[in-house]
Amino acid sequence: MTQSVVETRPLYGIGTVARLTGLKPDTLRVWERRYGLGASHKSGTGRRQYTQADLEHLQLVAALVSSGSRIGEIASVERKTLEMLLRQRRDGRGSAIPPSKPRVVFVGNRLCEWLDAHQGCVAAVEALLLRVSLSDIEETLLAEVEHADALVVECASLGNRQTRELSELQERLGAHRVIVVYEFASERWLKTLEEQSIVSCTFPPESSFIAFELARLGAEKTARVGDGNLGELMTAKPRQFSELQLSAARKLDSALDCECPRHIADLIRSLSHFEEYSASCSVENWHDAAVHACIYAYTCQARWLMEKALEAVLENHAEDYARLCESAAELREEMAGAA
């Protein structure tokens, strides 16, 4: 009998890891050879592949190295310590902690076979595949998994035993969300799942449905960190233009044939104000927090994109723009002196 193992998805090649960490492939190879910071998964053909955990660990190491740490001093440090070190350096100049993806455990042989053909569904999560039935999960497998943010479980049929096992597995792994993929079920047991806030669908599932449910996990996981200042939960993009620079950009339209600088500057200013507002919105539960976290992230992204647009507009008028900024700065100093 073949022993069951925990499989991880997605798996990354060295080129993808290089792009996502900002490191060169040669650097990754040297780190693997010298410090053991390499790919932990080996395919059936012997090819080394990086897991999501490998990638996130390397992102932390790369961020610390870029901020001044020596690779030899942190290569063997565990993830929690790396996060603490990086958090200590976030004084406005340090790198942000790379966010970890939600961990989702898939249980069931047919479900995992289906996932093999629909791996795009797990692009936003760290997926762990258990090719065993719900009733046959061994403690050794659960110990290897440790914890999960969500479960996706295949049940050929639903009944009292299955619902009990689902509850036990959810509690054992601390999962906040459970999705059941079933073949046969009565209205009674579907109602029972609904009362337990367990999502269900028939097998085979729609790939768009699974992708949608998994995509929600990111915002929910972020919201569970806390429900105070949401700005602390998101990685904000720094502002590229000060209020003085935006004021100067608004005045450029008088020297140009179009009014794009003024309109874009007004948009950036409005988005910046709303970004500050949404970051400090107080919420009472994770449902509201998830929505506000998305609003904050989208507003931040929109502001950053409009700043890129303004940079493109100003590129051909650098001298005029610099002169206006100097004039605005001098005027502000005069007003401050008069006050």
# chains A, B, ... in the order shown; residues from 1 in each chain; ligands from 1
$ select_by_dssp --residues "region 10-215 of chain A" --states "helix (DSSP H, G or I)" --output "ChimeraX atom specification"
/A:14-21,25-35,52-66,71-74,79-88,109-116,119-122,134-136,139-145,160-173,187-195,207-215
$ residues_around --residues "Pro261 (chain A)" --least-positions-apart "4" --cutoff "6 Å" --atoms "only C-alpha atoms" --output "PyMOL selection string"
chain A and resi 249-250+265
$ atom_distance --atom1 "CA of Glu206 (chain A)" --atom2 "CA of Tyr12 (chain A)"
25.1 Å
$ residues_around --residues "Arg177 (chain A)" --least-positions-apart "5" --cutoff "7 Å" --atoms "only C-alpha atoms" --output "list in words"
Asp149, Ala150, Leu151 and Ile198 of chain A
$ write_last_selection --atoms "N, CA and C atoms" --output "JSON list (two decimals), in the first residue's frame"
[["chain", "number", "residue", "atom", "x", "y", "z"],
["A", 149, "ASP", "N", -5.86, 27.65, 6.78],
["A", 149, "ASP", "CA", -6.84, 28.74, 6.78],
["A", 149, "ASP", "C", -8.18, 28.26, 6.24],
["A", 150, "ALA", "N", -8.14, 27.25, 5.37],
["A", 150, "ALA", "CA", -9.38, 26.73, 4.78],
["A", 150, "ALA", "C", -9.22, 25.27, 4.39],
["A", 151, "LEU", "N", -10.36, 24.57, 4.29],
["A", 151, "LEU", "CA", -10.40, 23.18, 3.86],
["A", 151, "LEU", "C", -11.32, 23.06, 2.66],
["A", 198, "ILE", "N", -20.69, 26.27, 6.32],
["A", 198, "ILE", "CA", -19.86, 25.48, 5.42],
["A", 198, "ILE", "C", -20.44, 25.59, 4.01]]
$ closest_residue --among "A:Cys294, A:Leu60, A:Glu139, A:Ala156" --to "Thr81 (chain A)" --atoms "only C-alpha atoms"
A:Leu60
$ atom_distance --atom1 "CA of Phe209 (chain A)" --atom2 "CA of Cys121 (chain A)"
9.1 Å
$ select_by_dssp --residues "region 47-252 of chain A" --states "strand (DSSP E)" --output "count of residues only"
32
$ atom_distance --atom1 "CA of Ser272 (chain A)" --atom2 "CA of Thr299 (chain A)"
8.1 Å
$ decode --residues "region 33-45 of chain A" --atoms "N, CA and C atoms" --output "mmCIF file, in the first residue's frame"
data_model
loop_
_atom_site.group_PDB
_atom_site.id
_atom_site.type_symbol
_atom_site.label_atom_id
_atom_site.label_comp_id
_atom_site.auth_asym_id
_atom_site.auth_seq_id
_atom_site.Cartn_x
_atom_site.Cartn_y
_atom_site.Cartn_z
ATOM 1 N N ARG A 33 23.662 26.163 -2.516
ATOM 2 C CA ARG A 33 24.872 25.366 -2.331
ATOM 3 C C ARG A 33 25.555 25.669 -0.994
ATOM 4 N N ARG A 34 25.602 26.941 -0.621
ATOM 5 C CA ARG A 34 26.330 27.332 0.583
ATOM 6 C C ARG A 34 25.496 27.256 1.865
ATOM 7 N N TYR A 35 24.210 27.644 1.743
ATOM 8 C CA TYR A 35 23.410 27.797 2.956
ATOM 9 C C TYR A 35 22.174 26.890 3.024
ATOM 10 N N GLY A 36 21.954 26.104 1.988
ATOM 11 C CA GLY A 36 20.800 25.209 2.000
ATOM 12 C C GLY A 36 19.485 25.905 1.744
ATOM 13 N N LEU A 37 19.524 27.134 1.216
ATOM 14 C CA LEU A 37 18.299 27.888 0.919
ATOM 15 C C LEU A 37 17.827 27.565 -0.492
ATOM 16 N N GLY A 38 17.420 26.337 -0.694
ATOM 17 C CA GLY A 38 17.037 25.917 -2.034
ATOM 18 C C GLY A 38 15.626 25.395 -2.110
ATOM 19 N N ALA A 39 15.334 24.735 -3.222
ATOM 20 C CA ALA A 39 14.014 24.157 -3.457
ATOM 21 C C ALA A 39 13.872 22.874 -2.638
ATOM 22 N N SER A 40 12.749 22.746 -1.949
ATOM 23 C CA SER A 40 12.554 21.578 -1.085
ATOM 24 C C SER A 40 11.778 20.455 -1.760
ATOM 25 N N HIS A 41 11.258 20.699 -2.959
ATOM 26 C CA HIS A 41 10.453 19.680 -3.635
ATOM 27 C C HIS A 41 11.206 19.122 -4.838
ATOM 28 N N LYS A 42 11.086 17.830 -5.021
ATOM 29 C CA LYS A 42 11.708 17.182 -6.179
ATOM 30 C C LYS A 42 10.622 16.454 -6.962
ATOM 31 N N SER A 43 10.528 16.744 -8.259
ATOM 32 C CA SER A 43 9.512 16.122 -9.104
ATOM 33 C C SER A 43 9.875 14.669 -9.394
ATOM 34 N N GLY A 44 8.953 13.976 -10.052
ATOM 35 C CA GLY A 44 9.194 12.578 -10.389
ATOM 36 C C GLY A 44 10.383 12.387 -11.299
ATOM 37 N N THR A 45 10.727 13.442 -12.057
ATOM 38 C CA THR A 45 11.872 13.369 -12.970
ATOM 39 C C THR A 45 13.156 13.867 -12.327
#
